[in-house]
$ cat target_5.cif   # mmCIF, C-alpha atoms
data_input
loop_
_atom_site.group_PDB
_atom_site.id
_atom_site.type_symbol
_atom_site.label_atom_id
_atom_site.label_comp_id
_atom_site.auth_asym_id
_atom_site.auth_seq_id
_atom_site.Cartn_x
_atom_site.Cartn_y
_atom_site.Cartn_z
ATOM 1 C CA MET A 212 -76.581 1.550 28.552
ATOM 2 C CA ASP A 213 -74.189 3.190 26.158
ATOM 3 C CA THR A 214 -70.757 1.756 25.825
ATOM 4 C CA VAL A 215 -68.019 4.289 25.572
ATOM 5 C CA VAL A 216 -65.180 3.196 23.365
ATOM 6 C CA THR A 217 -61.975 5.061 23.698
ATOM 7 C CA THR A 218 -59.155 4.656 21.322
ATOM 8 C CA ALA A 219 -55.662 5.698 21.997
ATOM 9 C CA PRO A 220 -54.218 7.940 19.383
ATOM 10 C CA ALA A 221 -51.853 6.208 17.017
ATOM 11 C CA PRO A 222 -48.292 6.682 18.092
ATOM 12 C CA ALA A 223 -46.563 9.409 16.193
ATOM 13 C CA PRO A 224 -43.983 8.107 13.767
ATOM 14 C CA THR A 225 -40.513 8.516 15.093
ATOM 15 C CA ALA A 226 -37.909 10.590 13.370
ATOM 16 C CA ALA A 227 -35.255 7.859 13.663
ATOM 17 C CA PRO A 228 -36.227 5.866 10.547
ATOM 18 C CA ALA A 229 -36.297 9.029 8.418
ATOM 19 C CA ALA A 230 -32.927 10.189 9.769
ATOM 20 C CA LEU A 231 -31.486 6.721 9.290
ATOM 21 C CA ARG A 232 -32.802 6.616 5.741
ATOM 22 C CA ARG A 233 -31.115 9.939 4.922
ATOM 23 C CA LEU A 234 -27.899 8.712 6.497
ATOM 24 C CA TYR A 235 -28.017 5.521 4.422
ATOM 25 C CA PHE A 236 -28.469 7.575 1.240
ATOM 26 C CA VAL A 237 -25.432 9.689 2.159
ATOM 27 C CA ARG A 238 -23.405 6.547 2.788
ATOM 28 C CA PHE A 239 -24.519 5.149 -0.551
ATOM 29 C CA ALA A 240 -23.502 8.343 -2.363
ATOM 30 C CA PHE A 241 -20.071 8.348 -0.707
ATOM 31 C CA ALA A 242 -19.216 4.688 -1.374
ATOM 32 C CA PRO A 243 -18.985 4.596 -5.199
ATOM 33 C CA VAL A 244 -17.018 7.847 -5.360
ATOM 34 C CA TRP A 245 -14.545 6.621 -2.763
ATOM 35 C CA ALA A 246 -14.351 3.179 -4.399
ATOM 36 C CA ALA A 247 -13.676 4.650 -7.847
ATOM 37 C CA LEU A 248 -10.889 6.845 -6.506
ATOM 38 C CA LEU A 249 -9.290 3.962 -4.623
ATOM 39 C CA PHE A 250 -9.684 1.604 -7.586
ATOM 40 C CA ALA A 251 -7.798 4.080 -9.772
ATOM 41 C CA THR A 252 -4.851 4.014 -7.344
ATOM 42 C CA ALA A 253 -5.139 0.437 -6.037
ATOM 43 C CA ASP A 254 -1.899 -0.954 -7.445
ATOM 44 C CA THR A 255 0.365 1.231 -5.347
ATOM 45 C CA LEU A 256 0.232 2.785 -1.941
ATOM 46 C CA GLY A 257 0.899 6.448 -2.581
ATOM 47 C CA PRO A 258 -0.219 9.663 -0.901
ATOM 48 C CA LEU A 259 -3.662 9.645 -2.575
ATOM 49 C CA SER A 260 -4.489 6.024 -1.768
ATOM 50 C CA ALA A 261 -3.172 6.405 1.797
ATOM 51 C CA THR A 262 -5.338 9.496 2.262
ATOM 52 C CA LEU A 263 -8.365 7.655 0.896
ATOM 53 C CA LEU A 264 -7.726 4.755 3.248
ATOM 54 C CA VAL A 265 -7.754 7.070 6.260
ATOM 55 C CA ILE A 266 -10.802 9.011 5.038
ATOM 56 C CA TYR A 267 -13.038 5.932 4.845
ATOM 57 C CA PRO A 268 -13.043 5.032 8.558
ATOM 58 C CA LEU A 269 -13.190 8.739 9.458
ATOM 59 C CA PHE A 270 -16.345 8.991 7.355
ATOM 60 C CA ASP A 271 -17.651 5.934 9.206
ATOM 61 C CA VAL A 272 -16.993 7.679 12.536
ATOM 62 C CA ALA A 273 -18.914 10.753 11.369
ATOM 63 C CA CYS A 274 -21.833 8.615 10.179
ATOM 64 C CA ALA A 275 -21.904 6.676 13.441
ATOM 65 C CA VAL A 276 -21.985 9.940 15.421
ATOM 66 C CA VAL A 277 -24.988 11.096 13.367
ATOM 67 C CA ASP A 278 -26.583 7.688 13.899
ATOM 68 C CA VAL A 279 -26.014 7.849 17.673
ATOM 69 C CA ARG A 280 -27.598 11.282 17.889
ATOM 70 C CA SER A 281 -30.737 10.277 16.010
ATOM 71 C CA ALA A 282 -31.029 6.931 17.816
ATOM 72 C CA ALA A 283 -30.514 8.536 21.238
ATOM 73 C CA ALA A 284 -33.099 11.224 20.492
ATOM 74 C CA ASP A 285 -35.553 8.468 19.658
ATOM 75 C CA GLY A 286 -34.691 6.365 22.706
ATOM 76 C CA GLY A 287 -33.090 3.663 20.585
ATOM 77 C CA PRO A 288 -30.119 1.499 21.478
ATOM 78 C CA VAL A 289 -26.774 3.237 21.023
ATOM 79 C CA ARG A 290 -24.261 1.077 22.894
ATOM 80 C CA HIS A 291 -23.095 -0.813 19.809
ATOM 81 C CA LEU A 292 -22.919 2.407 17.827
ATOM 82 C CA TYR A 293 -20.407 3.752 20.356
ATOM 83 C CA LEU A 294 -18.400 0.572 19.844
ATOM 84 C CA ASN A 295 -18.483 1.218 16.103
ATOM 85 C CA ILE A 296 -17.166 4.756 16.668
ATOM 86 C CA ALA A 297 -14.283 3.413 18.759
ATOM 87 C CA LEU A 298 -13.437 0.692 16.221
ATOM 88 C CA SER A 299 -13.479 3.106 13.295
ATOM 89 C CA ALA A 300 -11.404 5.697 15.131
ATOM 90 C CA ALA A 301 -8.819 3.064 16.059
ATOM 91 C CA THR A 302 -8.830 1.834 12.471
ATOM 92 C CA THR A 303 -8.111 5.355 11.235
ATOM 93 C CA VAL A 304 -4.960 5.436 13.333
ATOM 94 C CA GLY A 305 -4.106 1.849 12.411
ATOM 95 C CA LEU A 306 -4.444 2.542 8.691
ATOM 96 C CA ALA A 307 -2.321 5.691 8.924
ATOM 97 C CA LEU A 308 0.428 3.616 10.534
ATOM 98 C CA ALA A 309 -0.058 0.619 8.231
ATOM 99 C CA ALA A 310 0.169 2.820 5.136
ATOM 100 C CA THR A 311 3.817 3.461 6.044
ATOM 101 C CA SER A 312 4.486 -0.300 6.008
ATOM 102 C CA GLY A 313 2.842 -1.267 2.730
ATOM 103 C CA ILE A 314 -0.245 -2.845 1.218
ATOM 104 C CA PRO A 315 -0.087 -6.137 3.195
ATOM 105 C CA ALA A 316 -0.184 -4.204 6.493
ATOM 106 C CA VAL A 317 -3.114 -2.129 5.215
ATOM 107 C CA LEU A 318 -4.997 -5.279 4.223
ATOM 108 C CA ARG A 319 -4.455 -6.785 7.678
ATOM 109 C CA VAL A 320 -5.728 -3.671 9.480
ATOM 110 C CA TRP A 321 -8.666 -3.285 7.093
ATOM 111 C CA GLY A 322 -9.449 -6.982 7.461
ATOM 112 C CA ALA A 323 -9.538 -6.776 11.253
ATOM 113 C CA TRP A 324 -11.811 -3.743 11.001
ATOM 114 C CA ALA A 325 -14.111 -5.418 8.487
ATOM 115 C CA VAL A 326 -14.529 -8.433 10.768
ATOM 116 C CA THR A 327 -15.240 -6.444 13.932
ATOM 117 C CA ALA A 328 -17.314 -3.701 12.306
ATOM 118 C CA GLY A 329 -19.259 -6.348 10.402
ATOM 119 C CA LEU A 330 -20.162 -8.077 13.646
ATOM 120 C CA VAL A 331 -21.273 -4.764 15.159
ATOM 121 C CA GLN A 332 -23.337 -3.961 12.044
ATOM 122 C CA LEU A 333 -24.980 -7.366 12.249
ATOM 123 C CA VAL A 334 -25.903 -6.852 15.927
ATOM 124 C CA VAL A 335 -27.228 -3.321 15.284
ATOM 125 C CA GLY A 336 -29.242 -4.552 12.298
ATOM 126 C CA VAL A 337 -30.815 -7.314 14.372
ATOM 127 C CA ALA A 338 -31.643 -4.838 17.147
ATOM 128 C CA ARG A 339 -33.307 -2.537 14.596
ATOM 129 C CA ARG A 340 -35.155 -5.174 12.572
ATOM 130 C CA ARG A 341 -38.578 -4.022 13.806
ATOM 131 C CA MET A 342 -37.856 -0.625 12.270
ATOM 132 C CA GLY A 343 -37.785 -2.274 8.865
ATOM 133 C CA GLY A 344 -35.213 -2.134 6.115
ATOM 134 C CA GLN A 345 -32.530 -3.852 8.182
ATOM 135 C CA TRP A 346 -32.151 -7.192 6.416
ATOM 136 C CA ALA A 347 -29.675 -5.618 4.013
ATOM 137 C CA MET A 348 -27.676 -4.317 6.972
ATOM 138 C CA ILE A 349 -27.723 -7.744 8.613
ATOM 139 C CA ALA A 350 -26.526 -9.377 5.390
ATOM 140 C CA SER A 351 -23.917 -6.671 4.910
ATOM 141 C CA GLY A 352 -22.580 -7.231 8.423
ATOM 142 C CA GLY A 353 -22.226 -10.951 7.791
ATOM 143 C CA ILE A 354 -20.543 -10.407 4.436
ATOM 144 C CA SER A 355 -18.216 -7.810 5.947
ATOM 145 C CA THR A 356 -17.087 -10.325 8.535
ATOM 146 C CA LEU A 357 -16.251 -12.887 5.844
ATOM 147 C CA ALA A 358 -14.620 -10.271 3.624
ATOM 148 C CA GLY A 359 -12.402 -9.154 6.481
ATOM 149 C CA ALA A 360 -10.974 -12.642 6.773
ATOM 150 C CA SER A 361 -10.299 -12.670 3.025
ATOM 151 C CA PHE A 362 -8.459 -9.320 3.228
ATOM 152 C CA ALA A 363 -6.160 -10.750 5.872
ATOM 153 C CA ALA A 364 -5.523 -13.775 3.639
ATOM 154 C CA GLN A 365 -4.837 -11.503 0.630
ATOM 155 C CA ALA A 366 -2.160 -9.719 2.647
ATOM 156 C CA GLY A 367 0.068 -12.767 2.217
ATOM 157 C CA ALA A 368 -0.235 -12.802 -1.579
ATOM 158 C CA ALA A 369 2.715 -11.705 -3.685
ATOM 159 C CA ASP A 370 0.539 -9.394 -5.768
ATOM 160 C CA ALA A 371 -1.428 -7.822 -2.906
ATOM 161 C CA ASN A 372 -3.286 -4.670 -3.925
ATOM 162 C CA LEU A 373 -6.151 -2.506 -2.708
ATOM 163 C CA THR A 374 -8.660 -3.365 -5.458
ATOM 164 C CA SER A 375 -10.702 -5.639 -3.205
ATOM 165 C CA LEU A 376 -11.182 -2.784 -0.717
ATOM 166 C CA ALA A 377 -12.738 -0.668 -3.469
ATOM 167 C CA GLY A 378 -15.140 -3.496 -4.310
ATOM 168 C CA TYR A 379 -15.942 -3.986 -0.639
ATOM 169 C CA ALA A 380 -16.818 -0.299 -0.212
ATOM 170 C CA PHE A 381 -18.926 -0.242 -3.364
ATOM 171 C CA LEU A 382 -20.891 -3.327 -2.299
ATOM 172 C CA GLY A 383 -21.377 -1.818 1.157
ATOM 173 C CA GLY A 384 -22.824 1.277 -0.518
ATOM 174 C CA VAL A 385 -25.286 -0.895 -2.432
ATOM 175 C CA PHE A 386 -26.423 -2.470 0.828
ATOM 176 C CA PHE A 387 -26.979 1.004 2.300
ATOM 177 C CA LEU A 388 -29.071 1.942 -0.745
ATOM 178 C CA VAL A 389 -31.191 -1.197 -0.446
ATOM 179 C CA SER A 390 -31.727 -0.563 3.248
ATOM 180 C CA ALA A 391 -32.652 3.092 2.637
ATOM 181 C CA LEU A 392 -35.204 2.064 0.015
ATOM 182 C CA ARG A 393 -36.637 -0.626 2.305
ATOM 183 C CA LEU A 394 -36.904 1.898 5.161
ATOM 184 C CA GLY A 395 -38.934 4.097 2.814
ATOM 185 C CA ARG A 396 -41.277 1.224 2.015
ATOM 186 C CA ALA A 397 -41.646 0.389 5.713
ATOM 187 C CA ALA A 398 -42.555 4.025 6.437
ATOM 188 C CA LYS A 399 -45.215 4.028 3.705
ATOM 189 C CA GLY A 400 -46.654 0.755 4.975
ATOM 190 C CA ALA A 401 -46.934 2.043 8.546
#

$ encode --input "target_5.cif" --output "C-alpha cells"
Amino acid sequence: MDTVVTTAPAPAPTAAPAALRRLYFVRFAFAPVWAALLFATADTLGPLSATLLVIYPLFDVACAVVDVRSAAADGGPVRHLYLNIALSAATTVGLALAATSGIPAVLRVWGAWAVTAGLVQLVVGVARRRMGGQWAMIASGGISTLAGASFAAQAGAADANLTSLAGYAFLGGVFFLVSALRLGRAAKGA
C-alpha cells in the first residue's frame, strides 16, 4: 500500500513586516534631523522650536496611521495603535498650548506623552514579538516611560531647556533603526 503524503504549502510571507521595516527606516531618518534642529534651538522657546515641538507628535500620528493600515491589512492587532494616534494628536494640541507658557510646560506635556506613548509602544512590541525585531521597540517603550518621568522632573529646574528632548528623539530613532535591521534578519531567517 502506498502512503500518500500531503504537505501544506508554506504560508506566504506577510507584507506587514516589510511595511513595518520601511516605516522604521523612515522614523530613523526623521529622528536625527529633527533632533539636530531642536538641539540648535533648545535654549529658548521661539517660533522654530515651537514648530518643531508640534511637528514631532504630528509625524508620530502619520506613522501610526501608516502602521494601522499595514497591520489591519495583515490582520494584526491595531487597537493600541489607535490609542497611540489619539495620544499623539492630543499631545500636538497640548504642546501648541504649552509652547505659549514656556519650556517647563512643554517638558510636562512631553513627559506625560513619553510615559503614555512608551507604555503603548511596550505593549505593541510585546504583541508583535513573534514577528521579530521587536525587542528594541520593547526596550524603547520602557526607556520612554522612564524618560517621561525625568522630563516632568526637569520642568522644575531653574535652567530647564529642550536639549533632553532632542536626545530622546535621537535615541528613539536609533531604536527604530535597530528594530528595522532585526526585522530584516528575521525575514531572511524565515

$ resolve_selection --input "target_5.cif" --expression "the PyMOL selection byres ((chain A and resi 346-362) around 9)" --output "number ranges by chain"
A: 315, 318-337, 340, 343-345, 363-366, 375-376, 379, 382-383, 386-390, 393

$ atom_distance --input "target_5.cif" --atom1 "atom CA of Thr252 of chain A" --atom2 "atom CA of Leu373 of chain A"
8.1 Å

$ residues_near_point --input "target_5.cif" --point "(-1.7, 3.8, -2.2)" --cutoff "12 Å" --atoms "only C-alpha atoms" --output "ChimeraX atom specification"
/A:248-265,306-307,309-318,371-374,376-377

$ atom_distance --input "target_5.cif" --atom1 "atom CA of Tyr235 of chain A" --atom2 "atom CA of Ala391 of chain A"
5.5 Å

$ atom_distance --input "target_5.cif" --atom1 "atom CA of Val304 of chain A" --atom2 "atom CA of Trp245 of chain A"
18.8 Å

$ closest_residue --input "target_5.cif" --among "A:Ala242, A:Val279, A:Ala368, A:Ala230" --to "Ile266 of chain A" --atoms "only C-alpha atoms"
A:Ala242

$ closest_residue --input "target_5.cif" --among "A:Leu308, A:Leu394, A:Ile296, A:Val385" --to "Arg341 of chain A" --atoms "only C-alpha atoms"
A:Leu394

$ axis_aligned_box --input "target_5.cif" --around "segment 258-262 of chain A" --padding-each-side "6 Å" --output "JSON"
{"center_x": -2.8, "center_y": 7.8, "center_z": -0.2, "size_x": 17.1, "size_y": 15.6, "size_z": 16.8}

$ residues_around --input "target_5.cif" --residues "Val289 of chain A" --least-positions-apart "5" --cutoff "10 Å" --atoms "all atoms listed in the file" --output "list in words"
Ala275, Val276, Asp278, Val279, Arg280, Ser281, Ala282, Ala283, Leu294, Asn295 and Val335 of chain A

$ closest_residue --input "target_5.cif" --among "A:Ala247, A:Ala240, A:Ala300, A:Leu231" --to "Leu269 of chain A" --atoms "only C-alpha atoms"
A:Ala300
